[in-house]
>>> print(open('work_19.txt').read())   # compact mmCIF, C-alpha atoms
# COMPACT_ATOMS: atom_id res chain seq x y z
CA MET A 897 6.38 26.42 24.43
CA LYS A 898 8.55 24.34 22.11
CA ALA A 899 7.13 22.02 19.47
CA HIS A 900 8.57 19.92 16.67
CA VAL A 901 7.08 21.14 13.41
CA LEU A 902 7.08 19.64 9.93
CA GLU A 903 7.29 22.94 8.08
CA ASN A 904 6.86 23.32 4.35
CA SER A 905 7.77 19.94 2.86
CA PHE A 906 7.82 16.28 3.83
CA GLY A 907 10.91 14.50 5.12
CA ILE A 908 12.43 13.62 8.48
CA GLU A 909 15.14 16.22 7.88
CA ASN A 910 12.47 18.93 7.57
CA ILE A 911 11.25 18.58 11.16
CA SER A 912 12.45 21.51 13.24
CA LEU A 913 12.08 22.52 16.90
CA ARG A 914 10.16 25.82 17.10
CA GLU A 915 8.74 28.20 19.67
CA ARG A 916 4.95 28.38 19.53
CA GLU A 917 2.38 30.43 21.38
CA VAL A 918 0.07 28.65 23.81
CA ALA A 919 -3.53 29.39 22.84
CA ASP A 920 -6.20 30.47 25.30
CA LEU A 921 -8.24 27.62 26.75
CA ASP A 922 -11.77 27.07 25.50
CA SER A 923 -14.32 26.31 28.19
CA HIS A 924 -14.24 22.53 27.59
CA GLU A 925 -10.50 22.16 26.98
CA ILE A 926 -7.69 20.91 29.19
CA ARG A 927 -4.05 22.00 28.95
CA ILE A 928 -1.50 19.19 29.21
CA ALA A 929 2.20 19.54 29.97
CA MET A 930 3.52 16.67 27.90
CA LYS A 931 6.04 14.40 29.64
CA ALA A 932 6.65 11.68 27.05
CA VAL A 933 5.61 10.68 23.53
CA SER A 934 6.02 7.47 21.57
CA LEU A 935 6.37 6.60 17.90
CA ASN A 936 4.29 4.50 15.53
CA PHE A 937 5.08 3.47 11.96
CA ARG A 938 2.20 5.72 10.88
CA ASP A 939 4.24 8.68 12.16
CA TYR A 940 7.12 7.79 9.86
CA LEU A 941 4.74 7.43 6.90
CA MET A 942 3.05 10.73 7.75
CA VAL A 943 6.31 12.68 8.09
CA THR A 944 7.70 11.32 4.81
CA GLY A 945 4.49 12.02 2.88
CA ASN A 946 3.74 8.35 2.23
CA TYR A 947 0.58 8.28 4.35
CA ASN A 948 -1.21 11.34 3.02
CA PRO A 949 0.70 13.26 0.32
CA LYS A 950 -2.03 15.94 0.38
CA LEU A 951 -1.63 16.63 4.09
CA LYS A 952 -1.62 20.35 4.83
CA LEU A 953 1.57 21.68 6.40
CA PRO A 954 2.90 22.90 8.80
CA MET A 955 2.03 20.16 11.30
CA VAL A 956 3.24 18.90 14.67
CA PRO A 957 3.91 15.14 14.21
CA LEU A 958 3.27 12.04 16.39
CA SER A 959 0.04 10.61 17.75
CA ASP A 960 0.86 9.11 21.16
CA GLY A 961 1.77 10.88 24.37
CA ALA A 962 1.16 11.38 28.07
CA GLY A 963 1.38 14.29 30.46
CA GLU A 964 -0.04 16.24 33.39
CA VAL A 965 -3.09 18.51 33.35
CA VAL A 966 -1.89 22.02 34.25
CA ALA A 967 -5.05 24.03 33.51
CA VAL A 968 -8.73 23.37 32.78
CA GLY A 969 -11.46 25.37 31.06
CA LYS A 970 -14.31 26.76 33.16
CA SER A 971 -16.78 24.06 32.05
CA VAL A 972 -14.49 21.02 32.43
CA THR A 973 -15.79 18.26 34.70
CA ARG A 974 -13.81 15.14 33.64
CA PHE A 975 -10.38 16.30 34.86
CA LYS A 976 -8.67 18.59 37.36
CA VAL A 977 -5.22 20.15 37.58
CA GLY A 978 -2.64 17.51 38.49
CA ASP A 979 -4.36 14.59 36.76
CA ARG A 980 -2.13 12.33 34.66
CA VAL A 981 -3.65 11.84 31.20
CA MET A 982 -3.18 10.63 27.62
CA PRO A 983 -4.81 12.40 24.65
CA THR A 984 -6.87 10.08 22.47
CA PHE A 985 -5.71 9.39 18.92
CA SER A 986 -9.04 10.26 17.28
CA GLN A 987 -10.26 13.27 19.23
CA ASN A 988 -13.96 12.88 18.35
CA TRP A 989 -14.21 9.08 18.54
CA ILE A 990 -15.98 8.19 21.78
CA ALA A 991 -17.98 4.99 21.14
CA LYS A 992 -16.30 1.60 20.94
CA ARG A 993 -17.05 1.15 17.24
CA PRO A 994 -16.60 3.80 14.53
CA VAL A 995 -19.84 5.44 13.44
CA SER A 996 -18.69 8.15 11.02
CA ASP A 997 -16.03 8.62 8.38
CA ASP A 998 -15.40 12.06 9.91
CA LEU A 999 -13.55 10.37 12.79
CA ARG A 1000 -10.48 10.10 10.56
CA LYS A 1001 -10.40 13.90 10.29
CA SER A 1002 -9.83 14.33 14.04
CA THR A 1003 -6.67 12.25 14.44
CA LEU A 1004 -3.50 13.53 16.08
CA GLY A 1005 -0.26 13.72 14.12
CA GLY A 1006 -2.18 14.32 10.90
CA PRO A 1007 -4.37 16.04 10.02
CA LEU A 1008 -4.44 17.61 13.52
CA ASP A 1009 -1.28 18.75 15.27
CA GLY A 1010 0.20 15.89 17.26
CA THR A 1011 1.96 15.19 20.52
CA ALA A 1012 5.58 16.21 19.79
CA CYS A 1013 5.30 19.40 21.82
CA GLU A 1014 5.68 20.66 25.37
CA ILE A 1015 2.05 21.81 25.75
CA MET A 1016 -1.13 20.34 24.25
CA GLN A 1017 -4.72 21.48 24.53
CA VAL A 1018 -7.52 19.03 23.82
CA PRO A 1019 -11.25 18.81 24.57
CA GLU A 1020 -11.93 17.13 27.90
CA TRP A 1021 -13.70 14.28 26.10
CA ALA A 1022 -10.50 13.56 24.12
CA ALA A 1023 -8.29 12.33 26.96
CA VAL A 1024 -8.08 9.33 29.29
CA GLU A 1025 -6.51 8.89 32.72
CA ILE A 1026 -3.20 7.04 32.87
CA PRO A 1027 -3.50 3.53 34.37
CA GLU A 1028 -2.22 3.22 37.93
CA GLY A 1029 1.40 2.15 38.25
CA LEU A 1030 2.59 3.35 34.85
CA SER A 1031 5.21 6.02 34.27
CA TYR A 1032 4.61 8.79 31.75
CA ALA A 1033 6.95 7.01 29.33
CA GLU A 1034 5.00 3.75 29.67
CA ALA A 1035 1.65 5.51 29.36
CA ALA A 1036 2.80 7.32 26.21
CA THR A 1037 2.90 3.95 24.40
CA LEU A 1038 -0.80 3.16 24.92
CA PRO A 1039 -3.08 5.41 22.82
CA CYS A 1040 -2.38 3.91 19.37
CA ALA A 1041 -0.37 0.68 19.47
CA ALA A 1042 -1.91 -0.80 22.60
CA LEU A 1043 -5.46 0.20 21.68
CA THR A 1044 -5.03 -1.23 18.18
CA ALA A 1045 -4.03 -4.58 19.67
CA TRP A 1046 -6.91 -4.40 22.18
CA SER A 1047 -9.41 -3.61 19.43
CA SER A 1048 -8.17 -6.62 17.45
CA LEU A 1049 -8.50 -9.13 20.27
CA VAL A 1050 -11.29 -7.70 22.42
CA THR A 1051 -13.46 -4.90 21.02
CA MET A 1052 -13.91 -6.36 17.53
CA ASN A 1053 -13.33 -10.09 18.01
CA GLN A 1054 -13.40 -11.25 21.67
CA ALA A 1055 -10.51 -13.72 21.74
CA LYS A 1056 -11.13 -16.65 24.09
CA PRO A 1057 -8.87 -18.70 26.38
CA GLY A 1058 -7.09 -21.47 24.51
CA GLU A 1059 -7.35 -19.84 21.09
CA TYR A 1060 -4.22 -19.39 19.00
CA VAL A 1061 -3.03 -15.87 18.20
CA VAL A 1062 -0.26 -15.21 15.65
CA VAL A 1063 1.63 -11.93 16.03
CA LEU A 1064 3.78 -10.85 13.10
CA GLY A 1065 7.03 -9.20 14.07
CA THR A 1066 7.93 -7.53 17.35
CA GLY A 1067 6.86 -3.92 16.90
CA GLY A 1068 4.54 -2.02 19.21
CA VAL A 1069 1.17 -3.44 18.10
CA SER A 1070 2.45 -7.01 17.90
CA ILE A 1071 4.04 -6.96 21.35
CA PHE A 1072 0.93 -5.46 22.94
CA ALA A 1073 -1.13 -8.13 21.15
CA LEU A 1074 1.16 -10.77 22.64
CA GLN A 1075 0.67 -9.33 26.13
CA PHE A 1076 -3.11 -8.96 25.80
CA ALA A 1077 -3.46 -12.43 24.30
CA LYS A 1078 -1.66 -13.97 27.27
CA MET A 1079 -3.82 -11.87 29.60
CA LEU A 1080 -6.87 -13.44 27.91
CA GLY A 1081 -5.51 -16.98 28.24
CA CYS A 1082 -4.66 -17.46 24.56
CA LYS A 1083 -1.72 -19.33 23.06
CA VAL A 1084 0.64 -17.02 21.18
CA ILE A 1085 2.77 -17.78 18.13
CA ALA A 1086 5.30 -14.99 17.50
CA THR A 1087 7.26 -14.48 14.29
CA SER A 1088 10.45 -12.52 13.66
CA SER A 1089 13.62 -12.68 11.59
CA SER A 1090 15.72 -12.22 14.76
CA ASP A 1091 16.38 -15.01 17.23
CA ASP A 1092 17.23 -12.40 19.87
CA LYS A 1093 13.83 -10.77 19.46
CA LEU A 1094 12.11 -14.16 19.53
CA LYS A 1095 13.84 -14.91 22.82
CA LYS A 1096 12.46 -11.65 24.23
CA ALA A 1097 9.02 -12.61 22.95
CA GLU A 1098 9.28 -15.90 24.82
CA GLU A 1099 10.23 -14.00 27.97
CA LEU A 1100 6.99 -12.02 27.59
CA GLY A 1101 5.02 -15.25 27.33
CA ALA A 1102 5.01 -16.35 23.67
CA ASP A 1103 4.24 -20.08 23.60
CA TYR A 1104 5.79 -20.72 20.18
CA VAL A 1105 8.21 -18.74 18.02
CA ILE A 1106 9.02 -18.89 14.30
CA ASN A 1107 12.01 -17.31 12.61
CA TYR A 1108 10.50 -16.44 9.23
CA LYS A 1109 13.92 -15.83 7.73
CA GLU A 1110 14.82 -19.46 8.37
CA LYS A 1111 11.30 -20.69 7.62
CA PRO A 1112 9.80 -18.31 5.03
CA ASP A 1113 6.79 -20.61 4.65
CA TRP A 1114 5.80 -19.81 8.23
CA ALA A 1115 2.12 -20.56 7.60
CA LYS A 1116 3.07 -24.25 7.38
CA GLU A 1117 4.71 -24.00 10.81
CA VAL A 1118 1.57 -22.40 12.24
CA ARG A 1119 -0.47 -25.28 10.85
CA LYS A 1120 1.87 -27.80 12.47
CA ILE A 1121 1.66 -26.05 15.85
CA THR A 1122 -2.14 -25.94 15.70
CA LYS A 1123 -2.48 -29.58 14.66
CA MET A 1124 -3.29 -28.51 11.09
CA GLN A 1125 -6.32 -26.44 12.18
CA GLY A 1126 -4.78 -22.98 11.75
CA ALA A 1127 -4.73 -20.00 14.10
CA ASP A 1128 -7.85 -18.30 15.40
CA HIS A 1129 -6.46 -14.76 15.16
CA ILE A 1130 -3.72 -13.23 13.01
CA ILE A 1131 -2.31 -9.81 13.92
CA GLU A 1132 -1.42 -8.79 10.37
CA VAL A 1133 0.92 -5.80 10.38
CA GLY A 1134 2.81 -6.64 7.20
CA GLY A 1135 0.15 -5.89 4.62
CA ALA A 1136 0.15 -7.32 1.12
CA GLY A 1137 3.64 -8.77 1.50
CA THR A 1138 2.60 -11.16 4.28
CA LEU A 1139 -1.14 -11.49 3.72
CA GLU A 1140 -0.89 -14.61 1.56
CA GLN A 1141 0.90 -16.44 4.39
CA SER A 1142 -1.67 -15.14 6.90
CA ILE A 1143 -4.52 -16.46 4.75
CA ARG A 1144 -2.85 -19.88 4.70
CA ALA A 1145 -2.18 -19.79 8.44
CA VAL A 1146 -5.67 -18.87 9.68
CA ARG A 1147 -8.24 -21.52 10.57
CA MET A 1148 -11.71 -21.89 9.09
CA ASP A 1149 -13.88 -19.02 10.34
CA GLY A 1150 -10.80 -17.40 11.85
CA VAL A 1151 -10.03 -13.69 11.66
CA ILE A 1152 -7.17 -11.76 10.08
CA ASN A 1153 -6.82 -8.33 11.67
CA LEU A 1154 -5.46 -5.99 9.00
CA ILE A 1155 -3.41 -3.33 10.77
CA GLY A 1156 -0.26 -2.29 8.92
CA ILE A 1157 1.54 -2.23 5.59
CA LEU A 1158 5.13 -2.85 6.67
CA ALA A 1159 5.67 -5.29 3.81
CA GLY A 1160 3.76 -3.38 1.14
CA SER A 1161 0.25 -2.28 0.25
CA SER A 1162 -0.47 -4.03 -3.05
CA LYS A 1163 0.08 -7.49 -4.52
CA GLU A 1164 -1.84 -10.09 -6.50
CA LEU A 1165 -3.58 -12.45 -4.09
CA ASN A 1166 -5.55 -15.67 -4.43
CA LEU A 1167 -8.81 -14.83 -2.66
CA LEU A 1168 -10.36 -18.30 -3.02
CA PRO A 1169 -9.08 -19.57 0.37
CA ILE A 1170 -10.85 -16.65 2.09
CA LEU A 1171 -14.14 -17.81 0.61
CA MET A 1172 -13.59 -21.54 1.11
CA GLN A 1173 -12.40 -21.10 4.70
CA ASN A 1174 -15.05 -18.51 5.65
CA VAL A 1175 -12.20 -16.28 6.80
CA ARG A 1176 -13.01 -12.86 8.26
CA MET A 1177 -10.83 -9.91 7.25
CA GLN A 1178 -11.12 -7.19 9.87
CA GLY A 1179 -9.61 -3.77 9.27
CA ILE A 1180 -8.49 -2.16 12.54
CA LEU A 1181 -8.37 1.64 12.88
CA VAL A 1182 -7.07 2.01 16.47
CA GLY A 1183 -10.26 2.52 18.56
CA GLY A 1184 -12.50 4.95 20.42
CA ARG A 1185 -12.25 6.47 23.89
CA GLU A 1186 -14.62 4.02 25.56
CA ALA A 1187 -12.56 1.07 24.32
CA PHE A 1188 -9.41 2.91 25.46
CA GLU A 1189 -10.88 3.24 28.96
CA ASP A 1190 -11.80 -0.46 29.02
CA MET A 1191 -8.24 -1.32 28.01
CA CYS A 1192 -6.72 0.92 30.68
CA ARG A 1193 -8.78 -0.81 33.37
CA ALA A 1194 -7.47 -4.15 32.13
CA VAL A 1195 -3.89 -2.82 32.13
CA THR A 1196 -4.28 -1.76 35.77
CA ALA A 1197 -6.00 -4.95 36.90
CA ASN A 1198 -3.35 -7.17 35.32
CA GLY A 1199 -0.30 -5.06 36.09
CA LEU A 1200 0.71 -4.95 32.43
CA LYS A 1201 3.96 -3.13 31.70
CA PRO A 1202 4.62 -1.88 28.14
CA ALA A 1203 7.83 -3.04 26.48
CA ILE A 1204 9.99 0.02 25.78
CA ASP A 1205 12.97 -0.61 23.53
CA LYS A 1206 14.76 2.74 23.59
CA THR A 1207 14.23 6.28 24.91
CA PHE A 1208 15.40 9.47 23.17
CA GLY A 1209 15.64 13.07 24.34
CA PHE A 1210 13.18 15.69 23.09
CA ALA A 1211 15.76 17.25 20.75
CA GLU A 1212 16.44 13.85 19.18
CA LEU A 1213 13.10 13.36 17.44
CA GLN A 1214 14.63 12.99 13.99
CA ASP A 1215 17.00 10.31 15.29
CA SER A 1216 14.13 8.48 16.99
CA ILE A 1217 12.12 8.33 13.75
CA ARG A 1218 15.13 7.02 11.83
CA TYR A 1219 15.64 4.38 14.51
CA LEU A 1220 12.00 3.31 14.24
CA LYS A 1221 12.33 3.06 10.46
CA SER A 1222 15.38 0.79 10.85
CA GLY A 1223 13.19 -1.90 12.43
CA SER A 1224 15.74 -2.54 15.16
CA HIS A 1225 13.27 -1.99 17.99
CA PHE A 1226 11.42 -4.52 20.13
CA GLY A 1227 8.20 -2.96 21.37
CA LYS A 1228 8.00 0.82 21.57
CA VAL A 1229 10.31 3.78 20.94
CA VAL A 1230 9.80 6.69 23.36
CA VAL A 1231 10.84 10.34 23.40
CA GLU A 1232 11.01 12.13 26.77
CA VAL A 1233 9.62 15.66 26.61
CA GLY A 1234 10.53 17.06 30.01
>>> encode(input="work_19.txt", output="structure tokens")
Amino acid sequence: MKAHVLENSFGIENISLREREVADLDSHEIRIAMKAVSLNFRDYLMVTGNYNPKLKLPMVPLSDGAGEVVAVGKSVTRFKVGDRVMPTFSQNWIAKRPVSDDLRKSTLGGPLDGTACEIMQVPEWAAVEIPEGLSYAEAATLPCAALTAWSSLVTMNQAKPGEYVVVLGTGGVSIFALQFAKMLGCKVIATSSSDDKLKKAEELGADYVINYKEKPDWAKEVRKITKMQGADHIIEVGGAGTLEQSIRAVRMDGVINLIGILAGSSKELNLLPILMQNVRMQGILVGGREAFEDMCRAVTANGLKPAIDKTFGFAELQDSIRYLKSGSHFGKVVVEVG
């Protein structure tokens, strides 16, 4: 089988398409013929060595994907040949909330080999059935970005109808958060530097939009929209570069879900408003299999369709990562494997 491999050194240009042997199946493993994979900003950071400079190479990159079960070990009971499945991001994380630091050691696309391959083998407990009505390409967007958004609004915080949710930017996590928030009956405030992307966000249901290039003090706009109360939930994907605005935009006893570092990882911050406003800062590390299964049931029940910006061919993985890095996308970037 063919697999994209980051060989001996970091860098997008060092990913190469290689032939690899398919290992024998263990008794509790399933073999998946991958049909599609999708990209996350973590994948870019991992490939370039900015996520974990000590990561052992070689490694197959990417964390998200979907495919068809083509063989099962003799003890497998969860799946059968022909089932449509998605490997879970953290292979050993089952419960809804993390219970061990070791869970970070079982994540796909670093340190474990990831999804950018034609054949994957995972333990039967480390996969979930694809929601009804989704294509392989659509399903490939769910394991990381969608589950991260779901964990922010449901598993960890239980957003309620009528609450205000601010989504920063229009990448995968933010767009899924927009869709889930509307599913839950929340009011969504979307931010972007692109009017075209903001128009797309409105088409997906965003109630209010803010162009932060035109209004860099976007926290003030959030306050105006919420009648000076502030938002209940902030989907914070920017990191240190946007956190000060998020702190100013959140209401008393509201929650800031810390997810990404698109705008930097370190900066001096005034922490007093967090104390005075009783603000909760919630780190979000994707989620476990049980939460993933809950989310998939909600996706099916509500007919949710992931927003896919652009699809690349399997041989174009380097180009797809460069496109993701450019920030031009709205929603998810997908690579077809078949």
>>> closest_residue(input="work_19.txt", among="A:Val1133, A:Leu1064, A:Met1191, A:Leu935", to="Val1230 of chain A", atoms="only C-alpha atoms")
A:Leu935
>>> residues_around(input="work_19.txt", residues="segment 949-964 of chain A", least_positions_apart="2", cutoff="8 Å", atoms="all atoms listed in the file", output="ChimeraX atom specification")
/A:899-905,928-936,939,942-943,945-947,966,977-985,1003-1013,1026,1032-1033,1035-1040
>>> closest_residue(input="work_19.txt", among="A:Thr973, A:Gln1054, A:Thr944, A:Gly1183", to="Asn910 of chain A", atoms="all atoms listed in the file")
A:Thr944
>>> residues_near_point(input="work_19.txt", point="(16.4, 11.1, 13.4)", cutoff="12 Å", atoms="all atoms listed in the file", output="ChimeraX atom specification")
/A:907-912,935,940,943,1208-1222,1231
>>> write_last_selection(input="work_19.txt", atoms="C-alpha atoms", output="CSV table (one decimal), keeping the file's coordinate frame")
chain,number,residue,atom,x,y,z
A,907,GLY,CA,10.9,14.5,5.1
A,908,ILE,CA,12.4,13.6,8.5
A,909,GLU,CA,15.1,16.2,7.9
A,910,ASN,CA,12.5,18.9,7.6
A,911,ILE,CA,11.2,18.6,11.2
A,912,SER,CA,12.4,21.5,13.2
A,935,LEU,CA,6.4,6.6,17.9
A,940,TYR,CA,7.1,7.8,9.9
A,943,VAL,CA,6.3,12.7,8.1
A,1208,PHE,CA,15.4,9.5,23.2
A,1209,GLY,CA,15.6,13.1,24.3
A,1210,PHE,CA,13.2,15.7,23.1
A,1211,ALA,CA,15.8,17.2,20.8
A,1212,GLU,CA,16.4,13.8,19.2
A,1213,LEU,CA,13.1,13.4,17.4
A,1214,GLN,CA,14.6,13.0,14.0
A,1215,ASP,CA,17.0,10.3,15.3
A,1216,SER,CA,14.1,8.5,17.0
A,1217,ILE,CA,12.1,8.3,13.8
A,1218,ARG,CA,15.1,7.0,11.8
A,1219,TYR,CA,15.6,4.4,14.5
A,1220,LEU,CA,12.0,3.3,14.2
A,1221,LYS,CA,12.3,3.1,10.5
A,1222,SER,CA,15.4,0.8,10.8
A,1231,VAL,CA,10.8,10.3,23.4
>>> residues_around(input="work_19.txt", residues="Lys1095 of chain A", least_positions_apart="4", cutoff="12 Å", atoms="all atoms listed in the file", output="list of chain:residue names")
A:Thr1066, A:Ala1086, A:Thr1087, A:Ser1088, A:Ser1089, A:Ser1090, A:Asp1091, A:Glu1099, A:Leu1100, A:Gly1101, A:Ala1102, A:Asp1103, A:Tyr1104, A:Val1105, A:Ile1106, A:Asn1107, A:Phe1226
>>> closest_residue(input="work_19.txt", among="A:Met1148, A:Val1063, A:Ala967, A:Ala1042", to="Glu1189 of chain A", atoms="all atoms listed in the file")
A:Ala1042
